[in-house]
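Written below as structure tokens is the structure these notes are about.
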Amino acid sequence: MTSILSHIWNGRPAPCEHDALPLARIGTVQPHGVMMVVVPETGAVEHVSANIEDILGVPARAVLGRPPMAAFQDADSVSKLADAVRSGRRFFDNPTMLSARGRRFEMVCHIRDGRLFIEIEPYVEAEHDYQTMVTTAMDAISRQTTVQGLYETSARLMNFVTSWDRVKLYKFVSHGHGVVVAEQHSANSQLPDSFMGYHFSATDIPEAAKEILRTGKTRQKPTQRGSVPLLTLGAHGDTVESGQSVDMTDAWLRGIHPCDNGYNRNLGVGSNIIFPVCMDNTVWGLFVVHNRDEKFLNYDSRAVIEQLTMMFASRLIELEAHEARIAERQAMAQQVLGTVESAQAMLSQSMNLRGEFAAAIRLQAMQAVSRHVAALAPTYVSSATGCDSAEAGRPEDRFSADLLRLADADGAAIIRCGASSHVHLIGAAPDALTVRGIAAMFGNRLPGFGDDGWRVFATDALGDHIPADEALRGLASGLLAVPVCNRGDMIMWFRRERVVNATWAGKPPSAAERRSEMMFRPRGDFAAHHAPLTGASRPWLEAEVVLAAQFGAALGELWLRQQRGTPAMPGFSAEHGREPVLVDAASDMPRAAEGFAFMQPPASLGRWNAVS
Amino acid sequence: MSITVSVQSSGPQASVMLRGVLDSMSQATLKQQLEPVMANGAVSQIRLDFGGVQSMEAASAGMLMMLSHTAKARNKTLGICNVPAPVLAMMHKANLGKVISIQ
């Protein structure tokens, strides 16, 4: 089963020239550490970074094709390395301390693609011991009661662990852009400029880089001094560059693209670490930590911050659900389903009646069921025009209002397919024809609902996926859609466009620039640029998307249960198969004294007779 | 999407069997099911049996760290056992063993 987040489509809509850069297979290593790639079966080094002689005093040729222990003389270090390359090892208690040339190093190991990666970095003292850091983080995060409080506390904790100049918490929003939602500076920060509230263009992160971030891998770039090549043995025993042969996705020392180095230098940053916040293999956002000067962070400090981001993600899910009153909305969804079920029972019973009072009893049943409830019932009642609309908020439309509140939407549409197709509109929604048009795009311009456990689609920016004029974007930039059963019936919820008067860190590139060589040059403009962020609604929360998916699935269950349990009715099973039954409630609906809108059959009950 | 939790208590020990997928949506279920165990003063050791867990993601690792912290505050120890290889790989990547005992 895929994650619910993979059903929320808010990424960058247009590709960039730099998207396909081979960043995981960049073929270079950062200059401050040594990487060795070992073939576990032979215990021999297959690749080594060219800086091994500078750092460990051993030439690359003296290590390639030999055990990694060849790089060390210190007996304790040799023993630890021998243990790391021991056959069959899959997991490592990182870090392991090594010594060479009178210096201390940290060794970090991992396995990827059947190769053992050994990364050796100079050891630096942490600001605090591991237990202090992790206990402080757990304690502070567990005490947060608001989302914004969690943002700010986590940024402070990052600063506590690193003591670097500036920490930014960057959240991905619509169109793949990001916005800084919290920022923390050290007391003596050498990077006083604030980016709080600034938007950063989605084009800042190539798709290949985002793919690596999705794995949850922290990206540390303590220096901006370029990279050194990874070497291997050539056909004639000479050393040659490894090129793109090694996948360094999980490596700390993976080399930095010159464009990325330049970006940081232009930002005035000497050291930079990025900690992705991942939820269900989707990147929610990033903690970005900057220092003006070169500065290193040891493995335990990085481990604590990685753990902090995981705790942050866990607590964020709880707090977002709490603030969005998801529990209340779940209860309301249950009530809505209960109302639909009991309404349907009443309608079914009334249709089976025969005899003198049948018509009157049917009329009574109809009067007890709001037309909006009926729009969700397996047997639904509608006007013959094929479209109804409701204004949420009127007392008689409480059910409609509940349906909107369920998703915190501005509008909704219930689309019924088949011979008696129908669109039921609620609140601020596009017209019926447009709604049908959107529904028809699932499976082509919009992704199909599939059958991976979650049958739902959500986007904050519908115009990124289908042609949408100003009117459609205004009403329905946000779309949350769930199918009911498999026939094409569907519920859509809409959110209006919300235009944000955004301040950007530099002017975002134009469409032409995104497809040009410019994308391979480091960005140098980070000055405040004011431009509205359009074409997007308030974001759908993960919990809201889950609730909608569960509601659609439960409603589908209800329909199937009804169909299984309903005895064959004239006009229901034989003629219409499993088609829902259309009953025309004439458009001249009377109102009850308290203003409740009833489904009123015509005086003759002629159309009722058609299904009874 | 879903996790099923069954708890067996015997004196100071509680064994919690987990089955399913531990992701951002199911973590609330686990926390809710564990709350009575956490609140039980007679229980001092909680063992989470991961034998039936098919996968686990990063936020859930964060949730386990917070649970461990809560357990410690209530004078209980929290341990994990019977972890399938793919889940164990994720736990190692998260350095979870630095916070919770994994057998």
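Residue numbering restarts at 1 for every chain of the structure tokens, chains are lettered A, B, ... in their displayed order, and ligands are numbered from 1 as they appear.
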
Would you mind listing, as JSON, numbers by chain, all residues of chain A that have at least one atom within 9 Å of chain B, where only C-alpha atoms are what counts?
{"A": [1, 2, 3, 4, 90, 91, 92, 93, 94, 110, 131, 134, 135, 138, 139, 141, 142, 216, 277, 278, 279, 280, 281, 303, 304, 306, 307, 308, 309, 310, 311, 312, 313, 314, 315, 317, 318, 453, 454, 542, 543, 546]}

Go ahead and save the residues from that selection, with N, CA and C atoms, as a short mmCIF file (atom, residue, chain, number, x, y, z; two decimals), in the first residue's frame.
```cif
data_model
loop_
_atom_site.label_atom_id
_atom_site.label_comp_id
_atom_site.auth_asym_id
_atom_site.auth_seq_id
_atom_site.Cartn_x
_atom_site.Cartn_y
_atom_site.Cartn_z
N MET A 1 0.84 -1.20 0.00
CA MET A 1 0.00 0.00 0.00
C MET A 1 0.88 1.25 0.00
N THR A 2 0.54 2.20 -0.87
CA THR A 2 1.34 3.42 -0.89
C THR A 2 0.88 4.37 0.22
N SER A 3 1.68 5.36 0.45
CA SER A 3 1.38 6.31 1.50
C SER A 3 0.27 7.26 1.04
N ILE A 4 -0.48 7.75 2.00
CA ILE A 4 -1.55 8.72 1.67
C ILE A 4 -0.94 9.97 1.05
N ARG A 90 25.73 -6.48 8.28
CA ARG A 90 24.77 -5.64 7.56
C ARG A 90 24.52 -4.34 8.30
N PHE A 91 24.71 -4.38 9.63
CA PHE A 91 24.44 -3.19 10.43
C PHE A 91 25.68 -2.81 11.22
N PHE A 92 25.79 -1.52 11.56
CA PHE A 92 27.00 -1.01 12.21
C PHE A 92 26.61 -0.06 13.34
N ASP A 93 27.35 -0.14 14.42
CA ASP A 93 27.11 0.78 15.52
C ASP A 93 27.94 2.05 15.27
N ASN A 94 27.43 2.88 14.43
CA ASN A 94 28.15 4.11 14.07
C ASN A 94 28.10 5.13 15.19
N HIS A 110 27.97 1.96 6.01
CA HIS A 110 26.64 1.49 5.60
C HIS A 110 26.80 0.60 4.37
N GLN A 131 23.43 12.07 25.12
CA GLN A 131 22.26 11.91 26.00
C GLN A 131 21.61 13.25 26.35
N VAL A 134 19.71 14.44 23.16
CA VAL A 134 18.50 13.71 22.77
C VAL A 134 17.41 13.86 23.84
N THR A 135 17.81 13.89 25.11
CA THR A 135 16.81 14.04 26.18
C THR A 135 16.18 15.43 26.12
N MET A 138 13.70 15.40 23.18
CA MET A 138 12.48 14.63 23.43
C MET A 138 11.57 15.37 24.39
N ASP A 139 12.18 15.93 25.41
CA ASP A 139 11.41 16.64 26.42
C ASP A 139 10.71 17.87 25.82
N ILE A 141 10.04 18.62 22.63
CA ILE A 141 9.06 18.34 21.57
C ILE A 141 7.77 17.77 22.17
N SER A 142 7.91 16.90 23.16
CA SER A 142 6.70 16.29 23.73
C SER A 142 5.84 17.33 24.45
N GLY A 216 15.29 10.49 3.28
CA GLY A 216 15.52 10.95 4.64
C GLY A 216 16.97 11.25 4.92
N VAL A 277 12.59 16.63 6.57
CA VAL A 277 11.52 16.11 7.44
C VAL A 277 10.65 15.24 6.55
N CYS A 278 10.71 13.94 6.78
CA CYS A 278 9.99 13.01 5.91
C CYS A 278 8.80 12.38 6.63
N MET A 279 7.72 12.28 5.91
CA MET A 279 6.54 11.57 6.40
C MET A 279 6.12 10.61 5.30
N ASP A 280 6.11 9.35 5.61
CA ASP A 280 5.69 8.33 4.64
C ASP A 280 6.39 8.51 3.30
N ASN A 281 7.70 8.66 3.36
CA ASN A 281 8.53 8.76 2.16
C ASN A 281 8.23 9.99 1.31
N ALA A 303 23.18 12.68 14.22
CA ALA A 303 22.20 11.64 14.54
C ALA A 303 21.07 12.21 15.40
N VAL A 304 21.44 13.03 16.37
CA VAL A 304 20.42 13.64 17.24
C VAL A 304 19.47 14.49 16.41
N GLU A 306 18.81 14.23 13.22
CA GLU A 306 17.96 13.35 12.41
C GLU A 306 16.82 12.81 13.26
N GLN A 307 17.15 12.42 14.49
CA GLN A 307 16.11 11.90 15.38
C GLN A 307 15.12 13.00 15.74
N LEU A 308 15.65 14.19 15.91
CA LEU A 308 14.78 15.33 16.22
C LEU A 308 13.78 15.56 15.08
N THR A 309 14.24 15.42 13.85
CA THR A 309 13.31 15.63 12.72
C THR A 309 12.24 14.54 12.70
N MET A 310 12.61 13.33 13.12
CA MET A 310 11.62 12.25 13.15
C MET A 310 10.59 12.51 14.26
N MET A 311 11.07 12.96 15.42
CA MET A 311 10.14 13.28 16.50
C MET A 311 9.27 14.47 16.11
N PHE A 312 9.89 15.42 15.43
CA PHE A 312 9.15 16.60 14.94
C PHE A 312 7.99 16.13 14.04
N ALA A 313 8.31 15.23 13.10
CA ALA A 313 7.29 14.76 12.15
C ALA A 313 6.16 14.06 12.90
N SER A 314 6.52 13.23 13.86
CA SER A 314 5.51 12.50 14.61
C SER A 314 4.59 13.46 15.38
N ARG A 315 5.20 14.42 16.05
CA ARG A 315 4.41 15.37 16.85
C ARG A 315 3.58 16.29 15.94
N ILE A 317 2.20 15.58 13.09
CA ILE A 317 0.99 14.85 12.64
C ILE A 317 -0.09 14.94 13.72
N GLU A 318 0.33 14.77 14.97
CA GLU A 318 -0.64 14.83 16.08
C GLU A 318 -1.23 16.23 16.21
N GLY A 453 -5.28 0.84 -1.84
CA GLY A 453 -5.71 1.00 -0.46
C GLY A 453 -6.26 2.39 -0.20
N TRP A 454 -5.62 3.40 -0.77
CA TRP A 454 -6.14 4.77 -0.64
C TRP A 454 -6.70 5.17 -1.99
N GLU A 542 -2.87 16.22 5.55
CA GLU A 542 -2.82 14.78 5.36
C GLU A 542 -4.03 14.12 6.04
N ALA A 543 -4.34 14.56 7.26
CA ALA A 543 -5.45 13.95 8.01
C ALA A 543 -6.79 14.21 7.32
N VAL A 546 -6.99 11.77 4.44
CA VAL A 546 -7.30 10.43 4.97
C VAL A 546 -8.79 10.35 5.30
#
```

Close residues, Asp49 of chain B itself excluded, 10 Å, only C-alpha atoms, min 3 positions apart in chain, as a list in words:
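Near Asp49 of chain B, the qualifying residues are Val5, Ser6, Val7, Ser15, Val16, Met17, Leu18, Arg19, Ile46, Gly52, Val53, Gly79, Ile80, Cys81, Asn82, Val83 and Gln103 of chain B.
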
Filtering to N, CA and C atoms, could you give me those residues as a PDB file, in the first residue's frame?
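Output file out_1.pdb follows:
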```
ATOM      1  N   VAL B   5      -2.893  -4.048  17.390  1.00  0.00           N
ATOM      2  CA  VAL B   5      -2.098  -4.101  18.614  1.00  0.00           C
ATOM      3  C   VAL B   5      -2.780  -5.038  19.600  1.00  0.00           C
ATOM      4  N   SER B   6      -2.047  -6.000  20.115  1.00  0.00           N
ATOM      5  CA  SER B   6      -2.614  -6.831  21.187  1.00  0.00           C
ATOM      6  C   SER B   6      -1.630  -6.833  22.357  1.00  0.00           C
ATOM      7  N   VAL B   7      -2.185  -6.662  23.516  1.00  0.00           N
ATOM      8  CA  VAL B   7      -1.359  -6.509  24.718  1.00  0.00           C
ATOM      9  C   VAL B   7      -1.576  -7.683  25.653  1.00  0.00           C
ATOM     10  N   SER B  15       3.726  -7.435  27.161  1.00  0.00           N
ATOM     11  CA  SER B  15       4.200  -7.740  25.817  1.00  0.00           C
ATOM     12  C   SER B  15       3.168  -7.214  24.821  1.00  0.00           C
ATOM     13  N   VAL B  16       3.623  -6.403  23.903  1.00  0.00           N
ATOM     14  CA  VAL B  16       2.713  -5.762  22.946  1.00  0.00           C
ATOM     15  C   VAL B  16       3.039  -6.282  21.550  1.00  0.00           C
ATOM     16  N   MET B  17       2.101  -7.027  20.992  1.00  0.00           N
ATOM     17  CA  MET B  17       2.314  -7.590  19.653  1.00  0.00           C
ATOM     18  C   MET B  17       1.764  -6.614  18.607  1.00  0.00           C
ATOM     19  N   LEU B  18       2.593  -6.303  17.636  1.00  0.00           N
ATOM     20  CA  LEU B  18       2.175  -5.374  16.580  1.00  0.00           C
ATOM     21  C   LEU B  18       2.081  -6.121  15.254  1.00  0.00           C
ATOM     22  N   ARG B  19       1.087  -5.768  14.479  1.00  0.00           N
ATOM     23  CA  ARG B  19       0.927  -6.404  13.175  1.00  0.00           C
ATOM     24  C   ARG B  19       0.425  -5.356  12.185  1.00  0.00           C
ATOM     25  N   ILE B  46       8.013  -2.854  29.221  1.00  0.00           N
ATOM     26  CA  ILE B  46       7.133  -2.993  28.046  1.00  0.00           C
ATOM     27  C   ILE B  46       7.980  -3.473  26.874  1.00  0.00           C
ATOM     28  N   GLY B  52       5.258  -8.873  13.481  1.00  0.00           N
ATOM     29  CA  GLY B  52       4.244  -8.758  12.426  1.00  0.00           C
ATOM     30  C   GLY B  52       4.244  -7.413  11.725  1.00  0.00           C
ATOM     31  N   VAL B  53       5.286  -6.627  11.945  1.00  0.00           N
ATOM     32  CA  VAL B  53       5.321  -5.297  11.310  1.00  0.00           C
ATOM     33  C   VAL B  53       5.974  -5.398   9.933  1.00  0.00           C
ATOM     34  N   GLY B  79      11.316  -1.733  25.290  1.00  0.00           N
ATOM     35  CA  GLY B  79      12.237  -2.473  24.424  1.00  0.00           C
ATOM     36  C   GLY B  79      11.521  -2.983  23.187  1.00  0.00           C
ATOM     37  N   ILE B  80      12.313  -3.284  22.164  1.00  0.00           N
ATOM     38  CA  ILE B  80      11.757  -3.767  20.890  1.00  0.00           C
ATOM     39  C   ILE B  80      12.397  -5.118  20.582  1.00  0.00           C
ATOM     40  N   CYS B  81      11.597  -6.064  20.101  1.00  0.00           N
ATOM     41  CA  CYS B  81      12.171  -7.377  19.771  1.00  0.00           C
ATOM     42  C   CYS B  81      11.540  -7.921  18.489  1.00  0.00           C
ATOM     43  N   ASN B  82      12.134  -9.020  17.986  1.00  0.00           N
ATOM     44  CA  ASN B  82      11.626  -9.736  16.799  1.00  0.00           C
ATOM     45  C   ASN B  82      11.430  -8.823  15.589  1.00  0.00           C
ATOM     46  N   VAL B  83      12.402  -8.021  15.298  1.00  0.00           N
ATOM     47  CA  VAL B  83      12.229  -7.039  14.216  1.00  0.00           C
ATOM     48  C   VAL B  83      12.613  -7.662  12.868  1.00  0.00           C
ATOM     49  N   GLN B 103      16.310  -5.875  20.546  1.00  0.00           N
ATOM     50  CA  GLN B 103      16.858  -7.242  20.670  1.00  0.00           C
ATOM     51  C   GLN B 103      16.677  -7.995  19.364  1.00  0.00           C
TER      52      GLN B 103
END
```

List the neighbours of Ala502 of chain A out to 9 Å using only C-alpha atoms; skip same-chain residues closer than 2 positions along the sequence, and give me the result as a VMD selection string.
chain A and resid 197 to 199 499 to 500 504 529 to 533

Can you spit out the residues from that selection as a PDB file, in the first residue's frame, using C-alpha atoms?
```pdb
ATOM      1  CA  GLY A 197       8.365  34.184   5.971  1.00  0.00           C
ATOM      2  CA  TYR A 198      10.339  34.284   2.716  1.00  0.00           C
ATOM      3  CA  HIS A 199       9.346  32.007  -0.124  1.00  0.00           C
ATOM      4  CA  VAL A 499      -3.593  34.570  -3.236  1.00  0.00           C
ATOM      5  CA  VAL A 500      -0.560  35.048  -0.999  1.00  0.00           C
ATOM      6  CA  TRP A 504      10.607  35.743  -2.398  1.00  0.00           C
ATOM      7  CA  HIS A 529      11.256  40.205  -4.332  1.00  0.00           C
ATOM      8  CA  HIS A 530       7.537  40.788  -3.942  1.00  0.00           C
ATOM      9  CA  ALA A 531       5.210  38.791  -6.175  1.00  0.00           C
ATOM     10  CA  PRO A 532       1.894  37.127  -5.418  1.00  0.00           C
ATOM     11  CA  LEU A 533       1.705  33.366  -5.133  1.00  0.00           C
TER      12      LEU A 533
END
```

Can you tell me, as a list in words, what residues are no more than 7 Å from Gln13 of chain B when counting only C-alpha atoms, ignoring any on the same chain fewer than 5 positions away?
Val43, Ser44, Gln45 and Ile46 of chain B

Using C-alpha atoms, can you export the residues from the last selection as a compact mmCIF listing (two decimals), in the first residue's frame?
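Full text of result-v6.txt as output:
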```txt
# COMPACT_ATOMS: atom_id res chain seq x y z
CA VAL B 43 3.93 -2.62 34.62
CA SER B 44 7.60 -1.71 34.64
CA GLN B 45 8.81 -3.38 31.41
CA ILE B 46 7.13 -2.99 28.05
```

DSSP strand (DSSP E) selection over segment 397-532 of chain A, as number ranges by chain:
A: 411-416, 422-427, 457-459, 478-483, 490-495, 500-505, 528-532

Which of segment 3-103 of chain B DSSP labels alpha helix (DSSP H), written as a PyMOL selection string:
chain B and resi 27-39+58-73+85-93

Using only C-alpha atoms, pick whichever of A:Ala24, A:Val228, A:Leu480, A:Met35 has the shortest atom-to-atom distance to Thr215 of chain A.
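Closest to Thr215 of chain A, using only C-alpha atoms: A:Ala24.
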
Skipping near chain neighbours, those fewer than 4 positions away, what residues fall within 6 Å of Ala412 of chain A using only C-alpha atoms, listed as a ChimeraX atom specification?
/A:425-426,429,492-494

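From atom CA of Ala536 of chain A back to atom CA of Thr434 of chain A, the distance works out to 18.3 Å.
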
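Atom CA of Gly524 of chain A to atom CA of His177 of chain A spans 18.0 Å [interatomic distance, one decimal].
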
What gap, in Å, lies between atom CA of Ser348 of chain A and atom CA of Leu558 of chain A?
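Separating atom CA of Ser348 of chain A from atom CA of Leu558 of chain A is a distance of 13.7 Å.
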
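Of the listed residues (A:Lys210, A:Leu233, A:Gln224, A:Gln190), A:Leu233 comes nearest to Ala62 of chain A; the distances count only C-alpha atoms.
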